[in-house]
Structure formats: C-alpha cells, structure tokens
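Coordinates from structure_31.csv are shown below (CSV, C-alpha atoms).
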```
chain,number,residue,atom,x,y,z
A,457,MET,CA,-26.8,24.6,45.2
A,458,SER,CA,-23.5,25.0,43.3
A,459,ASN,CA,-23.7,25.7,39.5
A,460,VAL,CA,-20.2,24.6,39.0
A,461,PRO,CA,-20.2,21.7,36.5
A,462,PRO,CA,-18.5,18.5,37.6
A,463,PRO,CA,-15.0,18.0,36.3
A,464,ARG,CA,-14.7,16.2,33.0
A,465,ARG,CA,-13.3,12.7,33.1
A,466,LEU,CA,-9.8,12.5,31.8
A,467,THR,CA,-9.2,10.5,28.7
A,468,LEU,CA,-6.6,8.0,27.5
A,469,ASP,CA,-5.8,10.4,24.6
A,470,GLN,CA,-4.9,13.1,27.2
A,471,VAL,CA,-2.6,10.8,29.0
A,472,ALA,CA,-0.9,9.8,25.7
A,473,GLU,CA,-0.5,13.4,24.7
A,474,ARG,CA,1.0,14.4,28.0
A,475,ALA,CA,3.4,11.4,27.8
A,476,GLY,CA,4.3,12.1,24.2
A,477,VAL,CA,3.3,8.6,23.1
A,478,SER,CA,0.6,7.0,20.9
A,479,ARG,CA,-2.8,6.1,22.3
A,480,SER,CA,-2.0,2.3,21.9
A,481,VAL,CA,1.2,2.6,23.9
A,482,ALA,CA,-0.6,4.4,26.7
A,483,SER,CA,-3.2,1.7,26.7
A,484,ARG,CA,-0.6,-1.1,26.9
A,485,VAL,CA,1.1,0.6,29.8
A,486,LEU,CA,-2.1,1.0,31.7
A,487,ASN,CA,-2.9,-2.6,31.2
A,488,ASP,CA,0.6,-3.8,32.0
A,489,ALA,CA,1.1,-5.3,28.5
A,490,PRO,CA,4.5,-6.4,27.3
A,491,HIS,CA,6.8,-4.9,24.6
A,492,VAL,CA,6.8,-1.3,25.8
A,493,SER,CA,10.2,0.4,26.2
A,494,ARG,CA,11.1,1.4,29.7
A,495,ALA,CA,11.3,5.1,28.8
A,496,LYS,CA,7.8,5.2,27.3
A,497,ARG,CA,6.4,3.2,30.2
A,498,GLU,CA,7.9,5.7,32.7
A,499,ALA,CA,6.5,8.6,30.6
A,500,VAL,CA,3.0,7.2,30.7
A,501,GLU,CA,3.2,6.4,34.4
A,502,ARG,CA,4.4,10.0,35.1
A,503,ALA,CA,1.5,11.4,33.0
A,504,VAL,CA,-1.0,9.3,34.9
A,505,ARG,CA,0.3,10.7,38.2
A,506,ASP,CA,0.5,14.3,37.0
A,507,LEU,CA,-3.0,14.2,35.6
A,508,GLY,CA,-4.6,12.1,38.3
A,509,PHE,CA,-5.9,9.8,35.7
A,510,VAL,CA,-8.0,6.8,36.8
A,511,ALA,CA,-8.8,4.1,34.1
A,512,ASN,CA,-12.4,3.1,34.0
A,513,SER,CA,-13.6,-0.4,33.2
A,514,LYS,CA,-14.3,0.5,29.6
A,515,ALA,CA,-10.8,1.9,29.1
A,516,ARG,CA,-9.4,-1.3,30.5
A,517,ALA,CA,-11.5,-3.3,28.1
A,518,LEU,CA,-9.6,-1.6,25.2
A,519,ALA,CA,-6.4,-3.3,26.2
A,520,THR,CA,-5.8,-4.9,22.8
A,521,SER,CA,-2.1,-5.2,22.3
A,522,GLN,CA,-0.8,-8.3,24.1
A,523,ALA,CA,1.6,-9.8,21.6
A,524,GLY,CA,3.4,-6.6,20.7
A,525,VAL,CA,3.6,-7.7,17.1
A,526,ALA,CA,2.0,-6.6,13.8
A,527,ALA,CA,2.4,-8.7,10.7
A,528,LEU,CA,2.8,-7.5,7.1
A,529,VAL,CA,1.4,-10.3,4.9
A,530,ILE,CA,2.3,-10.2,1.2
A,531,SER,CA,0.5,-12.7,-1.0
A,532,GLN,CA,3.6,-13.8,-2.8
A,533,HIS,CA,5.7,-17.0,-2.5
A,534,ASP,CA,9.2,-15.9,-3.7
A,535,PRO,CA,11.3,-14.2,-0.9
A,536,ALA,CA,12.9,-12.2,-3.6
A,537,VAL,CA,9.8,-10.0,-3.6
A,538,LEU,CA,11.2,-8.4,-0.4
A,539,ALA,CA,14.1,-7.0,-2.4
A,540,ASP,CA,11.7,-5.2,-4.8
A,541,PRO,CA,12.1,-1.5,-4.3
A,542,PHE,CA,8.3,-1.0,-4.0
A,543,PHE,CA,7.9,-3.4,-1.1
A,544,GLY,CA,11.2,-2.1,0.4
A,545,GLN,CA,9.6,1.4,0.6
A,546,VAL,CA,6.4,0.1,2.0
A,547,ILE,CA,8.4,-1.7,4.8
A,548,VAL,CA,10.3,1.5,5.6
A,549,GLY,CA,7.0,3.3,6.1
A,550,VAL,CA,5.4,0.6,8.1
A,551,SER,CA,8.5,0.1,10.3
A,552,ALA,CA,8.7,3.8,11.2
A,553,VAL,CA,5.1,3.9,12.6
A,554,LEU,CA,5.3,0.5,14.4
A,555,GLU,CA,8.6,1.6,16.1
A,556,GLU,CA,6.8,4.6,17.5
A,557,ALA,CA,4.0,2.4,18.7
A,558,ASP,CA,6.4,-0.1,20.2
A,559,LEU,CA,5.2,-2.9,18.0
A,560,ASN,CA,7.5,-5.4,16.4
A,561,LEU,CA,7.1,-6.1,12.6
A,562,MET,CA,6.7,-9.6,11.3
A,563,LEU,CA,7.0,-10.3,7.6
A,564,CYS,CA,5.0,-13.1,6.1
A,565,LEU,CA,4.8,-14.5,2.5
A,566,ALA,CA,1.5,-16.2,2.1
A,567,ALA,CA,0.8,-17.2,-1.6
A,568,SER,CA,1.4,-20.9,-0.8
A,569,GLU,CA,-0.9,-23.2,1.3
A,570,ARG,CA,1.9,-23.5,3.9
A,571,GLY,CA,2.2,-19.7,4.1
A,572,ARG,CA,-1.5,-19.2,4.4
A,573,SER,CA,-1.7,-21.8,7.1
A,574,ARG,CA,1.0,-19.9,9.0
A,575,VAL,CA,-1.0,-16.7,8.8
A,576,GLU,CA,-4.2,-18.4,9.8
A,577,HIS,CA,-2.4,-19.8,12.9
A,578,LEU,CA,-1.2,-16.4,13.8
A,579,LEU,CA,-4.6,-14.9,13.6
A,580,ARG,CA,-6.4,-17.6,15.5
A,581,SER,CA,-3.7,-18.0,18.2
A,582,GLY,CA,-3.4,-14.3,19.0
A,583,GLY,CA,0.2,-14.4,17.9
A,584,VAL,CA,-0.2,-10.9,16.4
A,585,ASP,CA,-2.1,-7.9,17.5
A,586,GLY,CA,-3.0,-6.9,13.9
A,587,VAL,CA,-2.2,-7.7,10.3
A,588,MET,CA,-1.6,-5.7,7.1
A,589,MET,CA,-2.3,-7.6,3.8
A,590,MET,CA,-1.0,-6.7,0.4
A,591,ALA,CA,-0.8,-8.0,-3.2
A,592,LEU,CA,-3.8,-10.2,-3.0
A,593,HIS,CA,-5.1,-11.8,-6.2
A,594,GLU,CA,-8.7,-12.5,-7.2
A,595,ASP,CA,-10.4,-15.2,-5.0
A,596,ASP,CA,-7.3,-15.1,-2.7
A,597,PRO,CA,-8.1,-17.2,0.4
A,598,LEU,CA,-6.5,-14.5,2.6
A,599,ALA,CA,-9.4,-12.1,1.9
A,600,ALA,CA,-11.9,-14.7,3.2
A,601,LEU,CA,-9.6,-15.4,6.2
A,602,ALA,CA,-9.5,-11.7,7.1
A,603,GLU,CA,-13.3,-11.6,7.2
A,604,GLN,CA,-13.4,-14.5,9.7
A,605,THR,CA,-11.0,-13.2,12.3
A,606,ALA,CA,-11.5,-10.9,15.2
A,607,THR,CA,-7.9,-9.7,14.8
A,608,PRO,CA,-7.7,-6.2,13.2
A,609,VAL,CA,-6.8,-6.4,9.4
A,610,VAL,CA,-5.8,-3.5,7.2
A,611,PHE,CA,-5.5,-4.0,3.4
A,612,GLY,CA,-2.9,-2.2,1.3
A,613,GLY,CA,-5.0,-2.0,-1.8
A,614,ARG,CA,-8.5,-3.4,-2.0
A,615,PRO,CA,-8.9,-7.1,-2.8
A,616,VAL,CA,-10.7,-7.8,-6.1
A,617,GLY,CA,-14.4,-8.1,-5.6
A,618,LYS,CA,-14.2,-7.2,-1.9
A,619,ASP,CA,-15.1,-4.0,0.0
A,620,PRO,CA,-13.2,-4.3,3.2
A,621,ARG,CA,-13.9,-1.9,6.1
A,622,TRP,CA,-10.3,-0.8,6.5
A,623,TYR,CA,-7.8,-0.2,3.7
A,624,VAL,CA,-5.3,2.2,2.3
A,625,ASP,CA,-5.1,2.4,-1.4
A,626,ILE,CA,-3.6,4.5,-4.2
A,627,ASP,CA,-5.8,6.3,-6.7
A,628,ASN,CA,-4.6,3.9,-9.5
A,629,VAL,CA,-7.4,4.8,-11.9
A,630,ALA,CA,-6.7,8.5,-11.9
A,631,GLY,CA,-2.9,7.9,-12.1
A,632,ALA,CA,-3.2,5.7,-15.2
A,633,ARG,CA,-5.7,8.2,-16.8
A,634,VAL,CA,-3.2,11.0,-16.3
A,635,ALA,CA,-0.4,8.9,-17.8
A,636,THR,CA,-2.4,8.1,-20.9
A,637,ASP,CA,-3.6,11.7,-21.2
A,638,HIS,CA,0.0,12.8,-21.2
A,639,LEU,CA,0.8,10.5,-24.1
A,640,LEU,CA,-2.2,11.8,-26.0
A,641,ALA,CA,-1.1,15.4,-25.3
A,642,ARG,CA,2.3,14.5,-26.8
A,643,GLY,CA,0.5,13.7,-30.1
A,644,ARG,CA,0.6,9.9,-29.8
A,645,LYS,CA,-2.1,8.1,-31.7
A,646,ASN,CA,-1.4,4.4,-31.3
A,647,ILE,CA,-1.0,3.9,-27.5
A,648,VAL,CA,-0.6,0.4,-26.1
A,649,THR,CA,-0.5,-0.7,-22.5
A,650,ILE,CA,1.5,-3.3,-20.6
A,651,SER,CA,-0.9,-4.1,-17.7
A,652,GLY,CA,-0.2,-5.8,-14.4
A,653,PRO,CA,-1.8,-9.1,-13.7
A,654,LEU,CA,-5.5,-8.6,-14.3
A,655,ASP,CA,-6.5,-10.8,-11.4
A,656,THR,CA,-5.3,-8.1,-9.0
A,657,GLN,CA,-7.0,-4.8,-8.1
A,658,VAL,CA,-4.0,-2.7,-9.1
A,659,GLY,CA,-3.8,-4.4,-12.5
A,660,GLN,CA,-7.4,-3.9,-13.2
A,661,ALA,CA,-7.5,-0.3,-11.9
A,662,ARG,CA,-4.5,0.9,-14.0
A,663,HIS,CA,-5.9,-0.8,-17.1
A,664,ARG,CA,-9.2,0.9,-16.4
A,665,GLY,CA,-7.6,4.3,-16.2
A,666,TYR,CA,-5.8,3.7,-19.6
A,667,ARG,CA,-9.1,2.7,-21.2
A,668,GLU,CA,-11.0,5.6,-19.8
A,669,ALA,CA,-8.5,8.2,-21.0
A,670,LEU,CA,-8.6,6.8,-24.6
A,671,LEU,CA,-12.4,6.4,-24.7
A,672,LEU,CA,-12.9,9.9,-23.5
A,673,ALA,CA,-10.5,11.1,-26.3
A,674,GLY,CA,-12.5,9.1,-28.9
A,675,VAL,CA,-9.8,6.6,-29.4
A,676,THR,CA,-10.4,2.8,-29.3
A,677,PRO,CA,-8.0,1.2,-26.8
A,678,TRP,CA,-6.1,-1.9,-27.8
A,679,GLU,CA,-6.2,-5.0,-25.7
A,680,PRO,CA,-3.4,-5.0,-23.0
A,681,GLU,CA,-0.3,-7.2,-23.0
A,682,THR,CA,-0.3,-8.6,-19.4
A,683,GLY,CA,3.0,-8.4,-17.5
A,684,ASP,CA,4.1,-9.6,-14.1
A,685,PHE,CA,5.4,-6.2,-12.7
A,686,GLU,CA,9.0,-7.5,-13.5
A,687,GLU,CA,11.5,-6.0,-15.9
A,688,ALA,CA,11.9,-9.2,-17.9
A,689,GLY,CA,8.1,-9.5,-18.2
A,690,GLY,CA,7.9,-5.9,-19.4
A,691,ALA,CA,10.5,-6.5,-22.1
A,692,ALA,CA,8.7,-9.7,-23.3
A,693,ALA,CA,5.3,-7.9,-23.4
A,694,MET,CA,6.8,-5.0,-25.3
A,695,THR,CA,8.3,-7.4,-27.9
A,696,ARG,CA,4.8,-9.0,-28.4
A,697,LEU,CA,3.2,-5.6,-28.8
A,698,LEU,CA,5.8,-4.6,-31.4
A,699,GLN,CA,4.9,-7.7,-33.4
A,700,ALA,CA,1.2,-7.2,-33.1
A,701,HIS,CA,1.2,-3.4,-33.5
A,702,PRO,CA,4.3,-2.2,-35.4
A,703,ASP,CA,2.8,1.3,-35.8
A,704,LEU,CA,2.6,1.9,-32.0
A,705,ASP,CA,3.9,5.2,-30.9
A,706,GLY,CA,3.0,5.3,-27.2
A,707,VAL,CA,3.3,2.9,-24.3
A,708,PHE,CA,1.8,3.1,-20.8
A,709,ALA,CA,3.4,0.4,-18.5
A,710,ALA,CA,1.6,-0.3,-15.3
A,711,ASN,CA,4.8,-0.1,-13.2
A,712,ASP,CA,8.4,1.2,-13.6
A,713,ASN,CA,10.0,-2.2,-13.7
A,714,MET,CA,8.0,-3.2,-16.8
A,715,ALA,CA,8.5,0.3,-18.3
A,716,VAL,CA,12.3,-0.2,-18.0
A,717,GLY,CA,11.9,-3.6,-19.7
A,718,ALA,CA,9.9,-2.0,-22.4
A,719,LEU,CA,12.6,0.6,-23.0
A,720,ARG,CA,15.2,-2.2,-23.4
A,721,ALA,CA,13.0,-4.0,-25.9
A,722,LEU,CA,12.3,-0.9,-27.9
A,723,ARG,CA,16.1,-0.1,-28.0
A,724,GLN,CA,16.8,-3.7,-29.2
A,725,ALA,CA,14.1,-3.3,-31.9
A,726,GLY,CA,15.8,-0.1,-33.2
A,727,ARG,CA,12.9,2.2,-32.0
A,728,SER,CA,14.0,5.6,-30.6
A,729,VAL,CA,12.5,6.9,-27.4
A,730,PRO,CA,10.9,9.4,-27.3
A,731,GLY,CA,11.5,10.2,-31.0
A,732,GLU,CA,9.4,7.3,-32.4
A,733,VAL,CA,7.8,6.0,-29.2
A,734,SER,CA,6.9,7.7,-25.9
A,735,VAL,CA,6.9,5.6,-22.7
A,736,VAL,CA,5.3,6.3,-19.3
A,737,GLY,CA,5.6,4.1,-16.2
A,738,PHE,CA,4.0,4.1,-12.8
A,739,ASP,CA,5.6,4.2,-9.3
A,740,ASP,CA,8.5,6.7,-9.6
A,741,LEU,CA,11.0,4.3,-8.2
A,742,ALA,CA,14.7,5.1,-8.2
A,743,VAL,CA,15.1,3.1,-11.4
A,744,ALA,CA,13.0,5.6,-13.3
A,745,GLN,CA,15.6,8.3,-12.8
A,746,ILE,CA,18.6,6.1,-13.9
A,747,ALA,CA,16.8,4.6,-16.9
A,748,GLU,CA,18.0,5.4,-20.4
A,749,PRO,CA,16.3,7.7,-21.2
A,750,ALA,CA,15.0,8.8,-17.8
A,751,LEU,CA,11.5,7.6,-17.4
A,752,THR,CA,8.3,9.7,-17.3
A,753,THR,CA,6.2,8.1,-14.6
A,754,VAL,CA,3.3,8.4,-12.2
A,755,HIS,CA,4.5,9.1,-8.7
A,756,GLN,CA,2.7,7.2,-6.0
A,757,PRO,CA,3.5,7.8,-2.3
A,758,ILE,CA,4.8,4.3,-1.6
A,759,ARG,CA,6.5,5.0,1.8
A,760,ASN,CA,3.4,7.0,2.9
A,761,LEU,CA,1.2,4.0,1.8
A,762,GLY,CA,3.2,1.9,4.4
A,763,ARG,CA,2.9,4.6,7.0
A,764,GLU,CA,-0.8,5.1,6.6
A,765,MET,CA,-1.4,1.3,6.7
A,766,ALA,CA,0.5,1.0,9.9
A,767,ARG,CA,-1.2,4.1,11.4
A,768,MET,CA,-4.6,2.7,10.6
A,769,LEU,CA,-3.7,-0.6,12.2
A,770,VAL,CA,-2.3,1.0,15.3
A,771,GLY,CA,-5.5,3.0,15.6
A,772,LEU,CA,-7.6,-0.2,15.4
A,773,ILE,CA,-5.4,-1.9,18.0
A,774,GLY,CA,-6.0,1.1,20.2
A,775,GLY,CA,-9.8,0.8,19.9
A,776,GLN,CA,-10.4,3.4,17.2
A,777,ASP,CA,-12.5,2.9,14.0
A,778,PRO,CA,-10.6,4.7,11.3
A,779,SER,CA,-11.9,5.5,7.8
A,780,PRO,CA,-10.5,4.0,4.6
A,781,LEU,CA,-7.9,6.2,2.8
A,782,LEU,CA,-7.2,6.8,-0.9
A,783,LEU,CA,-3.8,8.4,-1.6
A,784,PRO,CA,-3.3,10.7,-4.6
A,785,THR,CA,-0.7,10.5,-7.4
A,786,HIS,CA,0.9,12.9,-9.8
A,787,LEU,CA,2.9,12.8,-13.0
A,788,VAL,CA,6.6,13.3,-13.2
A,789,VAL,CA,7.7,14.1,-16.7
A,790,ARG,CA,11.2,13.1,-17.8
A,791,GLU,CA,13.0,12.3,-21.1
A,792,SER,CA,11.1,9.2,-22.2
A,793,SER,CA,8.0,11.1,-23.4
```
Let me see the structure of the file written as structure tokens.
Amino acid sequence: MSNVPPPRRLTLDQVAERAGVSRSVASRVLNDAPHVSRAKREAVERAVRDLGFVANSKARALATSQAGVAALVISQHDPAVLADPFFGQVIVGVSAVLEEADLNLMLCLAASERGRSRVEHLLRSGGVDGVMMMALHEDDPLAALAEQTATPVVFGGRPVGKDPRWYVDIDNVAGARVATDHLLARGRKNIVTISGPLDTQVGQARHRGYREALLLAGVTPWEPETGDFEEAGGAAAMTRLLQAHPDLDGVFAANDNMAVGALRALRQAGRSVPGEVSVVGFDDLAVAQIAEPALTTVHQPIRNLGREMARMLVGLIGGQDPSPLLLPTHLVVRESS
C-alpha cells in the first residue's frame, strides 16, 4: 500500500494568487458573474487551466457578487458633504480597493426618508453586493436596517449604542486624549472643547478623550460647546466659549474645520494664538497646514479608513469573515500650540 498522501485540493485563494487578482474577482469569474474586466477574466481562466483547478459545490456557493456594485452610504442629506475633504479622502481610499476588485462604487446620501427608502430598496432587491455606512447618528434607522439584511454591511465608525460585527473605526478616544494632554503639557490650565454632535459615536468618543485627559490630570473639564464639524459652526462655538469662559487658554476642537473657525473667532476677539490661547484640531486635513497659524492637530488615516472599509467589504463578498479594525492616530505639532 502506498504511503504517499493524496494531493491537497487546490483553493480559490491559490487561483487568485496565480492570476494576480483578488479572491472575490476569481470567485466571480468562476461563477460567470458580470462586471469583471476581460484582462482579469482571462488571467483567472489561465490560472485555472495551469493549476488544474476544479471548483467544488461549496466554492460555487460562495459566488456572491452578482451586481458588481458596492455602495457607500453617508447619513447626510446635503450633497455638499461630498465636497468635504474628509469624505473626499474616504472616497479615494474606497475607490482604489473597489477598482482592484472590479466593483463599481455607488454613493448614497441617506439622512432623509427618501434616501433611506432608496438604500432599503437596494439592499432588499440585490442591487448592490455590499454596503459601507458612515456618519450615522443615534437611533439612526440605517443601523436597524443593516441588522435586517443579508447583504454584507461594513460600518465606518461604530453606530451609537450598537456593536456591529464588521466595522473600521479610528481610535478617537486616544486621539482626543493625546490632543488634550498636549495642551496640558503646554501649561494650559483652562482648556475648553468644541465637540462634534454628541448624538454621533465620533462626537461622543472625542469628548470622552478630552474629559479623560483632564480628569487624569486632576482638572475639572468644562461642558462642551457642540459644533457641527463645519468651520462656521466652530467659529460660533468659539464665540460662545469666549463669552462663557473669558479666561480660557486652550481649545481642543473635534475636527480641523471647527478648529479653523475657532482660530478665526479668536483672531476677531483679539486673542493671540498661541500666545494667549493654544488650539488643537483633529483630522490633519490640508486646511490644517494653510491655517493661520498652522494648526496642531491629531492625524487620522482617513484614506486608509476608506481602503480598510472596502477591503473588509470585498472580503465579506468573497465569503470571508474579517475582524473589526481600529486604526491608530498621532499628534502633528504646528504653530497653533
């Protein structure tokens, strides 16, 4: 009797590696799904011939991508949000991964009833192979909708009060804590914060980091002035803070747009930065470098957030079960602190 073990069954991953494509692309070619480029289809077919690969019934059952479309759903109603540099960077990251996987990107705004109905129809009709959801508010119907569908859903940032199975998030608490610690290290005693909307996970997390840093330093934190992540909202919040706390000497703004608005309000009030007041933002957008003075800020990997969301979704479409991912931040010190 021969002691030679039987040959191992070839896997779809081996075919994908040989063809130089993603697993999901190889799966779609083997199942004759649409929306695969001719070059990649030929590469997969050549790899199948070279390797002598035979798809079993289980592999065929993982043929998940039929529409050739992935949706990025943003829980906002104003199309101007797509011009925001933050979402622009997210879209760049998402697009790069979906292009490699031969999936088309669909953008959806879904803060209105009409927008949510459109997303619900896409999920129930099979019009998309998977969905990425961002910017959800507390009790957002989109979170409940995601729990009810069999379509793969990846969250960019965890919804408030939810613990989804698949998400990519930024370590917002740690980033805000580092920002506040930096202000304390600069000798600032009366540090205020302009928070994001507190019915969002990112708004809550960054406010929590601010509070934790002050409490650990033995300083009582002040109540936040809530902003809307826009420059004008940051300026208005800064004006209110100056009226309520004229002795303030440090500001942590929960994003760069609001921090730039705070710089403008401080300048108009005759307060020098960083002489009298130090200011720190969050994001490290391009505007931070051209602000006057240049803005100290917490860098978050925005484009990578988009890439990792899309990679996670492509993995789900291909039959994988990826783990949630938390991306780190770091402080970038400039002239405003």
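Using all atoms listed in the file, the shortest contact distance between Val610 (chain A) and any of A:Val624, A:Ser792, A:Gly643, A:Glu679 is found at A:Val624.
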Determine, counting all atoms listed in the file, every residue of protein, DNA or RNA that lies within 7 Å of (6.1, 3.3, -5.8) in the file coordinates, then give the result as number ranges by chain. A: 542, 739-741, 755-758
Correct to one decimal, the distance CA of Arg767 (chain A)-CA of Thr607 (chain A) is 15.7 Å
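When only C-alpha atoms are used to measure the gap to Asp705 (chain A), the shortest distance among A:Ser793, A:Thr785, A:Thr752, A:Thr656 belongs to A:Ser793.
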Near Leu697 (chain A), within 9 Å and counting only C-alpha atoms, which residues show up once chain neighbours fewer than 6 positions away are dropped, as a PyMOL selection string? chain A and resi 648-650+680-681+704
So, with all atoms listed in the file as the atoms that count, which of A:Gly583, A:Gly617, A:Gly631, A:Gly612 lies closest to His663 (chain A)?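 Nearest to His663 (chain A): A:Gly631.
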Please, what distance in Å, to one decimal, runs between CA of Leu559 (chain A) and CA of Val525 (chain A)?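 Going from CA of Leu559 (chain A) over to CA of Val525 (chain A) covers 5.1 Å.
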With all atoms listed in the file counted, which protein, DNA or RNA residues have an atom no more than 9 Å from (-2.4, 10.7, -19.1) in the file frame? Please answer as a PyMOL selection string. chain A and resi 630-641+665-666+669+708+736+787
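Using all atoms listed in the file, the shortest contact distance between Ala472 (chain A) and any of A:Leu579, A:Leu486, A:Val500, A:Ile547 is found at A:Val500.
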Coordinates-based distance that separates CA of Phe685 (chain A) from CA of Arg642 (chain A) (Å, one decimal):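 Result for CA of Arg642 (chain A) versus CA of Phe685 (chain A): 25.2 Å, one decimal.
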Quick one: everything within 12 Å of Ser581 (chain A), counting only C-alpha atoms, minus sequence neighbours fewer than 3 positions away in the same chain. Send it as a list in words.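 Final neighbour list, sorted by chain and number: Gln522, Ala523, Ser573, Arg574, Val575, Glu576, His577, Leu578, Val584, Asp585, Gly586, Thr605, Ala606 and Thr607 of chain A.
Near Met768 (chain A), within 9 Å and counting all atoms listed in the file, sit Val610, Trp622, Tyr623, Val624, Arg763, Ile773, Gln776, Asp777, Pro778, Ser779 and Pro780 of chain A, not including residues fewer than 5 positions from it in the same chain.
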If you count all atoms listed in the file, which residues fall within 8 Å of Val546 (chain A), apart from same-chain ones fewer than 2 positions away, as a VMD selection string? chain A and resid 542 to 544 548 to 550 758 to 763
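Nearest-residue note for Ala750 (chain A): choosing from A:Gly706, A:Gly652, A:Pro730, A:Gly683, the minimum distance belongs to A:Pro730, counting only C-alpha atoms.
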Just checking: using all atoms listed in the file, which residue out of A:Val587, A:Leu783, A:Val716, A:Val477 ends up closest to Ala499 (chain A)? A:Val477
Is there a way to complete region 582-601 of chain A with N, CA, C and O atoms and then write that out as a short mmCIF file (atom, residue, chain, number, x, y, z; two decimals), in the coordinates of the input?
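Output file result30.cif is given in full below:
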```cif
data_model
loop_
_atom_site.label_atom_id
_atom_site.label_comp_id
_atom_site.auth_asym_id
_atom_site.auth_seq_id
_atom_site.Cartn_x
_atom_site.Cartn_y
_atom_site.Cartn_z
N GLY A 582 -3.74 -15.59 18.36
CA GLY A 582 -3.40 -14.30 19.00
C GLY A 582 -1.93 -14.02 18.99
O GLY A 582 -1.43 -13.24 19.80
N GLY A 583 -1.22 -14.63 18.03
CA GLY A 583 0.20 -14.40 17.90
C GLY A 583 0.58 -13.02 17.42
O GLY A 583 1.74 -12.62 17.49
N VAL A 584 -0.38 -12.31 16.87
CA VAL A 584 -0.20 -10.90 16.40
C VAL A 584 -1.33 -10.07 16.90
O VAL A 584 -2.44 -10.55 17.09
N ASP A 585 -1.05 -8.80 17.07
CA ASP A 585 -2.10 -7.90 17.50
C ASP A 585 -2.89 -7.34 16.29
O ASP A 585 -4.02 -6.86 16.45
N GLY A 586 -2.30 -7.39 15.11
CA GLY A 586 -3.00 -6.90 13.90
C GLY A 586 -2.18 -7.29 12.68
O GLY A 586 -1.01 -7.67 12.77
N VAL A 587 -2.83 -7.20 11.52
CA VAL A 587 -2.20 -7.70 10.30
C VAL A 587 -2.50 -6.62 9.18
O VAL A 587 -3.58 -6.04 9.10
N MET A 588 -1.48 -6.42 8.32
CA MET A 588 -1.60 -5.70 7.10
C MET A 588 -1.44 -6.64 5.93
O MET A 588 -0.48 -7.41 5.93
N MET A 589 -2.34 -6.63 4.96
CA MET A 589 -2.30 -7.60 3.80
C MET A 589 -2.12 -6.80 2.53
O MET A 589 -2.79 -5.79 2.31
N MET A 590 -1.23 -7.32 1.66
CA MET A 590 -1.00 -6.70 0.40
C MET A 590 -0.85 -7.69 -0.74
O MET A 590 -0.58 -8.87 -0.49
N ALA A 591 -1.03 -7.21 -1.98
CA ALA A 591 -0.80 -8.00 -3.20
C ALA A 591 -1.67 -9.19 -3.35
O ALA A 591 -1.25 -10.22 -3.87
N LEU A 592 -2.91 -9.08 -2.90
CA LEU A 592 -3.80 -10.20 -3.00
C LEU A 592 -4.35 -10.32 -4.45
O LEU A 592 -4.57 -9.32 -5.14
N HIS A 593 -4.55 -11.56 -4.89
CA HIS A 593 -5.10 -11.80 -6.20
C HIS A 593 -6.60 -12.16 -6.05
O HIS A 593 -7.12 -12.35 -4.95
N GLU A 594 -7.28 -12.20 -7.19
CA GLU A 594 -8.70 -12.50 -7.20
C GLU A 594 -8.95 -13.86 -6.53
O GLU A 594 -8.22 -14.82 -6.77
N ASP A 595 -10.00 -13.93 -5.70
CA ASP A 595 -10.40 -15.20 -5.00
C ASP A 595 -9.25 -15.64 -4.06
O ASP A 595 -9.16 -16.83 -3.75
N ASP A 596 -8.41 -14.72 -3.60
CA ASP A 596 -7.30 -15.10 -2.70
C ASP A 596 -7.93 -15.53 -1.35
O ASP A 596 -8.74 -14.81 -0.76
N PRO A 597 -7.58 -16.72 -0.85
CA PRO A 597 -8.10 -17.20 0.40
C PRO A 597 -7.82 -16.24 1.60
O PRO A 597 -8.54 -16.26 2.60
N LEU A 598 -6.79 -15.40 1.47
CA LEU A 598 -6.50 -14.50 2.60
C LEU A 598 -7.58 -13.49 2.80
O LEU A 598 -7.82 -13.09 3.95
N ALA A 599 -8.28 -13.07 1.74
CA ALA A 599 -9.40 -12.10 1.90
C ALA A 599 -10.50 -12.72 2.75
O ALA A 599 -11.05 -12.08 3.64
N ALA A 600 -10.82 -13.98 2.45
CA ALA A 600 -11.90 -14.70 3.20
C ALA A 600 -11.40 -14.88 4.67
O ALA A 600 -12.19 -14.75 5.62
N LEU A 601 -10.13 -15.19 4.84
CA LEU A 601 -9.60 -15.40 6.20
C LEU A 601 -9.69 -14.12 7.01
O LEU A 601 -10.02 -14.15 8.19
#
```
